[in-house]
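Participant: Structure file query14.csv (CSV, N, CA and C atoms) is given on the next line.
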```csv
chain,number,residue,atom,x,y,z
H,1,MET,N,126.6,142.3,204.4
H,1,MET,CA,127.1,143.7,204.4
H,1,MET,C,126.1,144.5,205.2
H,2,ALA,N,126.4,145.8,205.2
H,2,ALA,CA,125.6,146.8,206.0
H,2,ALA,C,124.3,147.1,205.4
H,3,LYS,N,123.3,147.3,206.2
H,3,LYS,CA,122.0,147.9,205.7
H,3,LYS,C,122.1,149.4,206.0
H,4,VAL,N,121.9,150.2,204.9
H,4,VAL,CA,122.0,151.6,205.0
H,4,VAL,C,120.7,152.3,204.5
H,5,ILE,N,120.3,153.3,205.2
H,5,ILE,CA,119.1,154.1,204.8
H,5,ILE,C,119.6,155.5,204.4
H,6,LEU,N,119.3,155.9,203.2
H,6,LEU,CA,119.7,157.2,202.7
H,6,LEU,C,118.4,158.1,202.8
H,7,VAL,N,118.6,159.3,203.5
H,7,VAL,CA,117.5,160.2,203.8
H,7,VAL,C,117.8,161.5,203.2
H,8,GLY,N,117.0,162.0,202.3
H,8,GLY,CA,117.1,163.3,201.7
H,8,GLY,C,116.2,163.5,200.5
H,9,ALA,N,116.2,164.8,200.0
H,9,ALA,CA,115.3,165.1,198.9
H,9,ALA,C,116.0,165.1,197.6
H,10,ASP,N,117.3,165.1,197.5
H,10,ASP,CA,118.1,165.1,196.2
H,10,ASP,C,118.1,163.6,195.7
H,11,VAL,N,117.1,163.3,194.9
H,11,VAL,CA,117.0,161.9,194.4
H,11,VAL,C,118.2,161.5,193.5
H,12,ALA,N,118.7,162.4,192.7
H,12,ALA,CA,119.8,162.0,191.8
H,12,ALA,C,121.0,161.7,192.6
H,13,LEU,N,121.3,162.5,193.6
H,13,LEU,CA,122.5,162.2,194.5
H,13,LEU,C,122.3,160.9,195.2
H,14,LEU,N,121.1,160.7,195.8
H,14,LEU,CA,120.9,159.5,196.6
H,14,LEU,C,120.9,158.2,195.7
H,15,GLU,N,120.4,158.4,194.5
H,15,GLU,CA,120.5,157.2,193.5
H,15,GLU,C,121.9,156.9,193.2
H,16,GLY,N,122.8,157.9,192.9
H,16,GLY,CA,124.2,157.6,192.7
H,16,GLY,C,124.9,157.0,193.8
H,17,LEU,N,124.6,157.4,195.0
H,17,LEU,CA,125.2,156.9,196.2
H,17,LEU,C,124.7,155.4,196.4
H,18,ALA,N,123.4,155.2,196.2
H,18,ALA,CA,122.9,153.8,196.3
H,18,ALA,C,123.5,152.9,195.3
H,19,GLN,N,123.7,153.3,194.1
H,19,GLN,CA,124.4,152.4,193.1
H,19,GLN,C,125.8,152.1,193.5
H,20,THR,N,126.5,153.0,194.1
H,20,THR,CA,127.8,152.7,194.6
H,20,THR,C,127.8,151.8,195.7
H,21,LEU,N,127.0,152.0,196.7
H,21,LEU,CA,126.9,151.1,197.9
H,21,LEU,C,126.4,149.7,197.5
H,22,ILE,N,125.4,149.6,196.7
H,22,ILE,CA,124.9,148.3,196.2
H,22,ILE,C,126.0,147.6,195.5
H,23,GLY,N,126.8,148.3,194.7
H,23,GLY,CA,127.9,147.7,194.0
H,23,GLY,C,128.9,147.0,194.9
H,24,PHE,N,129.0,147.5,196.1
H,24,PHE,CA,129.9,146.9,197.1
H,24,PHE,C,129.2,146.0,198.0
H,25,GLY,N,128.0,145.6,197.7
H,25,GLY,CA,127.3,144.6,198.4
H,25,GLY,C,126.4,145.0,199.6
H,26,HIS,N,126.3,146.3,199.8
H,26,HIS,CA,125.5,146.8,200.9
H,26,HIS,C,124.0,146.9,200.5
H,27,GLU,N,123.1,146.7,201.5
H,27,GLU,CA,121.7,146.8,201.2
H,27,GLU,C,121.2,148.3,201.5
H,28,VAL,N,120.5,148.9,200.6
H,28,VAL,CA,120.2,150.3,200.6
H,28,VAL,C,118.7,150.5,200.6
H,29,SER,N,118.2,151.4,201.4
H,29,SER,CA,116.8,151.8,201.3
H,29,SER,C,116.8,153.3,201.3
H,30,PHE,N,115.6,153.9,200.9
H,30,PHE,CA,115.5,155.4,200.8
H,30,PHE,C,114.4,155.9,201.6
H,31,ALA,N,114.5,157.2,202.0
H,31,ALA,CA,113.4,157.9,202.6
H,31,ALA,C,113.6,159.4,202.3
H,32,ALA,N,112.6,160.1,202.0
H,32,ALA,CA,112.7,161.5,201.7
H,32,ALA,C,112.9,162.4,202.9
H,33,THR,N,112.3,162.0,204.0
H,33,THR,CA,112.3,162.8,205.3
H,33,THR,C,112.7,161.8,206.4
H,34,VAL,N,113.1,162.5,207.5
H,34,VAL,CA,113.4,161.7,208.8
H,34,VAL,C,112.1,161.0,209.2
H,35,ALA,N,110.9,161.7,209.1
H,35,ALA,CA,109.7,161.1,209.6
H,35,ALA,C,109.4,159.8,208.8
H,36,GLU,N,109.6,159.9,207.5
H,36,GLU,CA,109.4,158.7,206.6
H,36,GLU,C,110.4,157.6,207.0
H,37,ALA,N,111.6,157.9,207.3
H,37,ALA,CA,112.6,156.9,207.7
H,37,ALA,C,112.3,156.3,209.1
H,38,ALA,N,111.5,157.0,209.9
H,38,ALA,CA,111.2,156.5,211.2
H,38,ALA,C,110.0,155.6,211.2
H,39,GLU,N,109.3,155.5,210.1
H,39,GLU,CA,108.2,154.5,210.0
H,39,GLU,C,108.8,153.1,210.1
H,40,PRO,N,108.0,152.2,210.6
H,40,PRO,CA,108.5,150.8,210.7
H,40,PRO,C,109.0,150.2,209.4
H,41,LEU,N,110.2,149.6,209.5
H,41,LEU,CA,110.8,149.0,208.3
H,41,LEU,C,110.8,147.5,208.4
H,42,ASP,N,109.7,146.9,208.5
H,42,ASP,CA,109.4,145.4,208.6
H,42,ASP,C,110.5,144.7,209.5
H,43,GLU,N,110.7,145.3,210.7
H,43,GLU,CA,111.5,144.7,211.8
H,43,GLU,C,113.0,144.6,211.4
H,44,ASP,N,113.4,145.0,210.3
H,44,ASP,CA,114.8,144.9,209.9
H,44,ASP,C,115.4,146.3,209.8
H,45,LEU,N,115.9,146.8,211.0
H,45,LEU,CA,116.4,148.1,211.1
H,45,LEU,C,117.8,148.3,210.4
H,46,PRO,N,118.0,149.5,209.9
H,46,PRO,CA,119.3,149.7,209.2
H,46,PRO,C,120.4,149.9,210.3
H,47,ALA,N,121.7,149.6,209.9
H,47,ALA,CA,122.8,149.8,210.7
H,47,ALA,C,123.3,151.2,210.7
H,48,MET,N,123.1,151.9,209.5
H,48,MET,CA,123.6,153.2,209.3
H,48,MET,C,122.5,154.0,208.6
H,49,ALA,N,122.5,155.3,208.9
H,49,ALA,CA,121.7,156.3,208.3
H,49,ALA,C,122.5,157.4,207.7
H,50,VAL,N,122.4,157.7,206.4
H,50,VAL,CA,123.0,158.8,205.8
H,50,VAL,C,122.0,159.8,205.5
H,51,VAL,N,122.0,160.9,206.3
H,51,VAL,CA,120.9,161.9,206.4
H,51,VAL,C,121.4,163.3,206.0
H,52,SER,N,120.6,163.9,205.1
H,52,SER,CA,120.9,165.3,204.7
H,52,SER,C,120.7,166.3,205.9
H,53,ARG,N,121.5,167.3,205.9
H,53,ARG,CA,121.4,168.3,206.9
H,53,ARG,C,120.0,169.0,206.9
H,54,GLU,N,119.4,169.2,205.6
H,54,GLU,CA,118.1,169.8,205.5
H,54,GLU,C,117.0,168.9,206.1
H,55,ALA,N,117.1,167.6,205.9
H,55,ALA,CA,116.1,166.6,206.5
H,55,ALA,C,116.2,166.7,208.0
H,56,LEU,N,117.4,166.8,208.6
H,56,LEU,CA,117.4,166.9,210.0
H,56,LEU,C,116.8,168.2,210.5
H,57,GLU,N,117.1,169.3,209.8
H,57,GLU,CA,116.5,170.6,210.2
H,57,GLU,C,115.0,170.6,210.1
H,58,GLU,N,114.5,170.0,209.0
H,58,GLU,CA,113.0,169.9,208.9
H,58,GLU,C,112.4,169.0,209.9
H,59,ALA,N,113.1,168.0,210.4
H,59,ALA,CA,112.5,167.1,211.4
H,59,ALA,C,112.2,167.7,212.7
H,60,GLY,N,113.1,168.6,213.1
H,60,GLY,CA,113.0,169.3,214.4
H,60,GLY,C,113.3,168.4,215.5
H,61,ILE,N,113.1,168.9,216.7
H,61,ILE,CA,113.3,168.2,218.0
H,61,ILE,C,112.2,167.2,218.2
H,62,GLY,N,112.6,166.0,218.7
H,62,GLY,CA,111.6,165.1,219.0
H,62,GLY,C,111.3,163.9,218.1
H,63,MET,N,111.8,164.0,216.8
H,63,MET,CA,111.7,162.9,215.9
H,63,MET,C,112.7,161.8,216.2
H,64,THR,N,112.4,160.6,215.8
H,64,THR,CA,113.3,159.5,216.1
H,64,THR,C,113.7,158.9,214.7
H,65,LEU,N,114.9,158.3,214.8
H,65,LEU,CA,115.5,157.6,213.6
H,65,LEU,C,115.9,156.3,214.1
H,66,PRO,N,115.2,155.2,213.8
H,66,PRO,CA,115.5,153.9,214.4
H,66,PRO,C,116.7,153.3,213.7
H,67,LEU,N,117.6,152.8,214.4
H,67,LEU,CA,118.8,152.1,213.9
H,67,LEU,C,119.0,150.9,214.9
H,68,ILE,N,119.8,149.9,214.4
H,68,ILE,CA,120.2,148.8,215.2
H,68,ILE,C,121.0,149.3,216.4
H,69,PRO,N,121.1,148.5,217.5
H,69,PRO,CA,122.0,148.9,218.6
H,69,PRO,C,123.4,149.1,218.1
H,70,GLY,N,124.0,150.2,218.4
H,70,GLY,CA,125.4,150.5,218.0
H,70,GLY,C,125.4,151.0,216.6
H,71,GLY,N,124.3,151.4,216.0
H,71,GLY,CA,124.2,152.0,214.7
H,71,GLY,C,124.8,153.4,214.7
H,72,ALA,N,125.0,153.9,213.5
H,72,ALA,CA,125.6,155.2,213.3
H,72,ALA,C,124.9,156.0,212.3
H,73,MET,N,125.1,157.3,212.3
H,73,MET,CA,124.6,158.2,211.4
H,73,MET,C,125.7,159.1,210.7
H,74,ILE,N,125.5,159.3,209.4
H,74,ILE,CA,126.4,160.2,208.7
H,74,ILE,C,125.5,161.4,208.2
H,75,VAL,N,125.9,162.6,208.5
H,75,VAL,CA,125.2,163.8,208.1
H,75,VAL,C,125.9,164.4,206.9
H,76,TYR,N,125.1,164.7,205.8
H,76,TYR,CA,125.8,165.3,204.7
H,76,TYR,C,125.1,166.6,204.2
H,77,GLY,N,125.8,167.4,203.5
H,77,GLY,CA,125.3,168.6,203.0
H,77,GLY,C,126.1,169.0,201.8
H,78,THR,N,125.9,170.2,201.3
H,78,THR,CA,126.6,170.7,200.1
H,78,THR,C,127.7,171.6,200.5
H,79,THR,N,127.8,172.0,201.7
H,79,THR,CA,128.9,172.9,202.2
H,79,THR,C,129.5,172.2,203.5
H,80,HIS,N,130.6,172.8,204.0
H,80,HIS,CA,131.3,172.3,205.2
H,80,HIS,C,130.6,172.8,206.5
H,81,ASP,N,129.5,173.5,206.4
H,81,ASP,CA,128.8,174.0,207.6
H,81,ASP,C,128.3,172.8,208.3
H,82,GLN,N,128.5,172.7,209.6
H,82,GLN,CA,128.0,171.6,210.4
H,82,GLN,C,126.8,172.1,211.2
H,83,PRO,N,125.7,171.3,211.1
H,83,PRO,CA,124.5,171.7,211.8
H,83,PRO,C,124.5,171.5,213.3
H,84,PHE,N,123.7,172.2,214.0
H,84,PHE,CA,123.6,171.9,215.4
H,84,PHE,C,122.8,170.7,215.6
H,85,LEU,N,123.4,169.7,216.4
H,85,LEU,CA,122.7,168.5,216.7
H,85,LEU,C,122.6,168.3,218.2
H,86,PRO,N,121.5,167.7,218.7
H,86,PRO,CA,121.3,167.4,220.1
H,86,PRO,C,122.4,166.4,220.5
H,87,THR,N,122.8,166.3,221.8
H,87,THR,CA,123.9,165.5,222.2
H,87,THR,C,123.8,164.0,221.8
H,88,LYS,N,122.6,163.5,221.9
H,88,LYS,CA,122.5,162.0,221.6
H,88,LYS,C,122.8,161.8,220.1
H,89,LEU,N,122.4,162.8,219.2
H,89,LEU,CA,122.7,162.6,217.8
H,89,LEU,C,124.2,162.9,217.5
H,90,GLN,N,124.8,163.8,218.3
H,90,GLN,CA,126.3,164.0,218.1
H,90,GLN,C,127.1,162.8,218.4
H,91,ARG,N,126.7,162.0,219.4
H,91,ARG,CA,127.4,160.8,219.8
H,91,ARG,C,127.2,159.7,218.7
H,92,ALA,N,126.1,159.7,218.1
H,92,ALA,CA,125.8,158.7,217.1
H,92,ALA,C,126.3,159.1,215.7
H,93,THR,N,126.7,160.4,215.5
H,93,THR,CA,127.2,160.8,214.2
H,93,THR,C,128.6,160.4,214.0
H,94,LEU,N,128.8,159.6,212.9
H,94,LEU,CA,130.1,159.2,212.6
H,94,LEU,C,130.9,160.2,211.8
H,95,ALA,N,130.3,161.0,211.0
H,95,ALA,CA,131.0,162.0,210.2
H,95,ALA,C,130.0,163.0,209.6
H,96,HIS,N,130.5,164.2,209.2
H,96,HIS,CA,129.8,165.2,208.4
H,96,HIS,C,130.5,165.2,207.1
H,97,LEU,N,129.8,165.0,206.0
H,97,LEU,CA,130.4,164.9,204.7
H,97,LEU,C,129.8,165.9,203.7
H,98,VAL,N,130.6,166.3,202.7
H,98,VAL,CA,130.1,167.1,201.7
H,98,VAL,C,129.9,166.2,200.5
H,99,LEU,N,128.7,166.0,200.1
H,99,LEU,CA,128.4,165.0,199.0
H,99,LEU,C,127.9,165.8,197.8
H,100,PRO,N,128.3,165.4,196.6
H,100,PRO,CA,128.9,164.1,196.2
H,100,PRO,C,130.4,164.2,196.2
H,101,LEU,N,131.1,165.3,196.6
H,101,LEU,CA,132.5,165.4,196.6
H,101,LEU,C,133.2,164.3,197.4
H,102,GLU,N,132.6,163.9,198.6
H,102,GLU,CA,133.3,163.0,199.5
H,102,GLU,C,132.6,161.6,199.4
H,103,ARG,N,132.1,161.2,198.3
H,103,ARG,CA,131.4,159.9,198.2
H,103,ARG,C,132.4,158.7,198.4
H,104,HIS,N,133.7,158.9,198.1
H,104,HIS,CA,134.6,157.8,198.3
H,104,HIS,C,134.8,157.7,199.8
H,105,ARG,N,134.8,158.8,200.5
H,105,ARG,CA,135.0,158.7,202.0
H,105,ARG,C,133.7,158.1,202.6
H,106,LEU,N,132.6,158.4,202.1
H,106,LEU,CA,131.3,157.7,202.5
H,106,LEU,C,131.4,156.2,202.4
H,107,LEU,N,131.9,155.7,201.3
H,107,LEU,CA,132.0,154.3,201.0
H,107,LEU,C,133.0,153.7,202.0
H,108,ALA,N,134.1,154.4,202.2
H,108,ALA,CA,135.1,153.9,203.2
H,108,ALA,C,134.6,153.8,204.6
H,109,LEU,N,133.8,154.8,205.0
H,109,LEU,CA,133.2,154.8,206.3
H,109,LEU,C,132.2,153.7,206.5
H,110,VAL,N,131.3,153.5,205.5
H,110,VAL,CA,130.4,152.4,205.6
H,110,VAL,C,131.1,151.0,205.6
H,111,GLN,N,132.1,150.9,204.8
H,111,GLN,CA,132.8,149.6,204.8
H,111,GLN,C,133.5,149.4,206.2
H,112,SER,N,134.2,150.4,206.7
H,112,SER,CA,134.9,150.3,208.0
H,112,SER,C,133.9,150.1,209.1
H,113,PHE,N,132.8,150.8,209.1
H,113,PHE,CA,131.7,150.5,210.1
H,113,PHE,C,131.2,149.1,210.1
H,114,ASP,N,131.0,148.6,208.9
H,114,ASP,CA,130.5,147.2,208.7
H,114,ASP,C,131.5,146.2,209.2
H,115,SER,N,132.7,146.4,208.9
H,115,SER,CA,133.8,145.5,209.3
H,115,SER,C,134.0,145.5,210.8
H,116,ARG,N,134.0,146.7,211.4
H,116,ARG,CA,134.1,146.8,212.8
H,116,ARG,C,132.9,146.2,213.6
H,117,SER,N,131.7,146.4,213.0
H,117,SER,CA,130.5,145.9,213.7
H,117,SER,C,130.5,144.4,213.7
H,118,ARG,N,131.0,143.8,212.6
H,118,ARG,CA,131.1,142.3,212.5
H,118,ARG,C,132.2,141.8,213.4
H,119,THR,N,133.3,142.5,213.5
H,119,THR,CA,134.4,142.1,214.4
H,119,THR,C,134.0,142.1,215.9
H,120,SER,N,133.3,143.2,216.2
H,120,SER,CA,132.9,143.4,217.6
H,120,SER,C,131.6,142.6,218.0
H,121,GLY,N,130.9,142.0,217.0
H,121,GLY,CA,129.7,141.2,217.3
H,121,GLY,C,128.5,142.1,217.3
H,122,ARG,N,128.6,143.3,216.9
H,122,ARG,CA,127.4,144.2,216.9
H,122,ARG,C,126.5,144.0,215.7
H,123,SER,N,127.0,143.3,214.7
H,123,SER,CA,126.2,143.1,213.5
H,123,SER,C,125.1,142.1,213.7
H,124,THR,N,125.1,141.3,214.9
H,124,THR,CA,124.1,140.4,215.1
H,124,THR,C,122.8,141.2,215.5
H,125,ARG,N,121.7,140.7,215.0
H,125,ARG,CA,120.4,141.4,215.3
H,125,ARG,C,119.9,141.1,216.7
H,126,GLU,N,119.7,142.2,217.4
H,126,GLU,CA,119.0,142.0,218.7
H,126,GLU,C,117.6,142.6,218.6
H,127,GLU,N,116.8,142.2,219.6
H,127,GLU,CA,115.5,142.8,219.6
H,127,GLU,C,115.6,144.3,220.0
H,128,PRO,N,115.3,145.2,219.1
H,128,PRO,CA,115.4,146.6,219.4
H,128,PRO,C,114.4,147.1,220.4
H,129,GLY,N,114.8,148.0,221.3
H,129,GLY,CA,113.8,148.6,222.2
H,129,GLY,C,113.8,150.1,221.9
H,130,ASP,N,113.2,150.9,222.8
H,130,ASP,CA,113.1,152.3,222.7
H,130,ASP,C,114.4,153.0,222.8
H,131,ASP,N,115.4,152.3,223.5
H,131,ASP,CA,116.7,152.9,223.6
H,131,ASP,C,117.5,153.0,222.4
H,132,PHE,N,117.1,152.3,221.3
H,132,PHE,CA,117.9,152.3,220.1
H,132,PHE,C,117.3,153.2,219.0
H,133,GLN,N,116.5,154.1,219.4
H,133,GLN,CA,116.0,155.1,218.4
H,133,GLN,C,116.7,156.4,218.7
H,134,LEU,N,117.3,157.0,217.7
H,134,LEU,CA,118.0,158.3,217.9
H,134,LEU,C,116.9,159.4,217.9
H,135,GLN,N,117.0,160.2,218.9
H,135,GLN,CA,116.1,161.4,219.0
H,135,GLN,C,116.7,162.5,218.2
H,136,VAL,N,115.9,163.0,217.3
H,136,VAL,CA,116.3,164.1,216.5
H,136,VAL,C,115.8,165.4,217.1
```
Would you write out, as structure tokens, the structure that this file holds?

Facilitator:
Amino acid sequence: MAKVILVGADVALLEGLAQTLIGFGHEVSFAATVAEAAEPLDEDLPAMAVVSREALEEAGIGMTLPLIPGGAMIVYGTTHDQPFLPTKLQRATLAHLVLPLERHRLLALVQSFDSRSRTSGRSTREEPGDDFQLQV
């Protein structure tokens, strides 16, 4: 199943999301900030990042978020306001969600992404290079 990193400061929300994702067989890791998520993850990069709007704003321009080639990001917040994202992040952003209200949509997106990546062959691990780090 998919390897997902949850990034944000709301520990209770992230714990609930993690329990749901783990219950469906996904591998989950945590980071409080984008900078913490960008630290080396023992060569096993996540396929998806679920990142809070606040964490993106705090990271500022120039931070990186390593994902596997073809990885995707989901941005979440508590309102429907969409943050301004640089073009490279906009292309990698799969959805903007309001959590916890749309947690079922999050699960559906992760499962759909995982299924499509296995079907297209993108789930196979390649040696990541600098091109596979999202610039925040």

Participant: List as a Markdown table every residue of region 38-91 of chain H that is in contact with region 21-33 of chain H, defined as an atom at most 8 Å from one of its atoms (using only N, CA and C atoms), together with the nearest atom pair and the distance in Å rounded to one decimal, sorted by chain and then rising number.

Facilitator:
```
| residue | atom | partner | partner_atom | distance |
| --- | --- | --- | --- | --- |
| H:Ala38 | N | H:Thr33 | C | 6.1 |
| H:Glu54 | C | H:Thr33 | CA | 7.7 |
| H:Ala55 | CA | H:Thr33 | CA | 5.5 |
| H:Leu56 | N | H:Thr33 | C | 7.2 |
| H:Glu58 | C | H:Thr33 | CA | 7.7 |
| H:Ala59 | CA | H:Thr33 | C | 7.3 |
```

Participant: In terms of the shortest atom-to-atom distance over only C-alpha atoms, which of H:Leu107, H:Leu45, H:Ile61, H:Met1 is closest to Gln19 (chain H)?

Facilitator: H:Leu107

Participant: List the spatial neighbours of Gln82 (chain H) as a count of residues only - criterion: any atom at most 8 Å away, all atoms listed in the file, same-chain residues fewer than 2 positions off excluded.

Facilitator: 6

Participant: What are the DSSP strand (DSSP E) residues of chain H, as a VMD selection string?

Facilitator: chain H and resid 3 to 7 27 to 31 48 to 52 64 to 66 72 to 77 93 to 98 133 to 135

Participant: One decimal, Å: what's the distance from atom C of Asp10 (chain H) over to atom N of Ser117 (chain H), could you say?

Facilitator: 27.9 Å

Participant: Just to confirm, what's the straight-line distance from CA of Thr20 (chain H) to CA of Gly71 (chain H) in Å (one decimal)?

Facilitator: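 Atom-to-atom, CA of Thr20 (chain H) to CA of Gly71 (chain H), that is 20.4 Å.
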
Participant: Could you please determine the separation between atom N of Gly77 (chain H) and CA of Val51 (chain H) in Å, to one decimal place?

Facilitator: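 Calculated distance between atom N of Gly77 (chain H) and CA of Val51 (chain H) is 7.9 Å.
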
Participant: For Ile68 (chain H), which residue out of H:Ala92, H:Asp44, H:Glu36, H:Ala12 is the nearest one, using all atoms listed in the file?

Facilitator: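 Smallest distance to Ile68 (chain H) is found for H:Asp44.
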
Participant: DSSP on the backbone: what in region 46-123 of chain H comes out alpha helix (DSSP H), as a ChimeraX atom specification?

Facilitator: /H:53-59,87-92,103-120
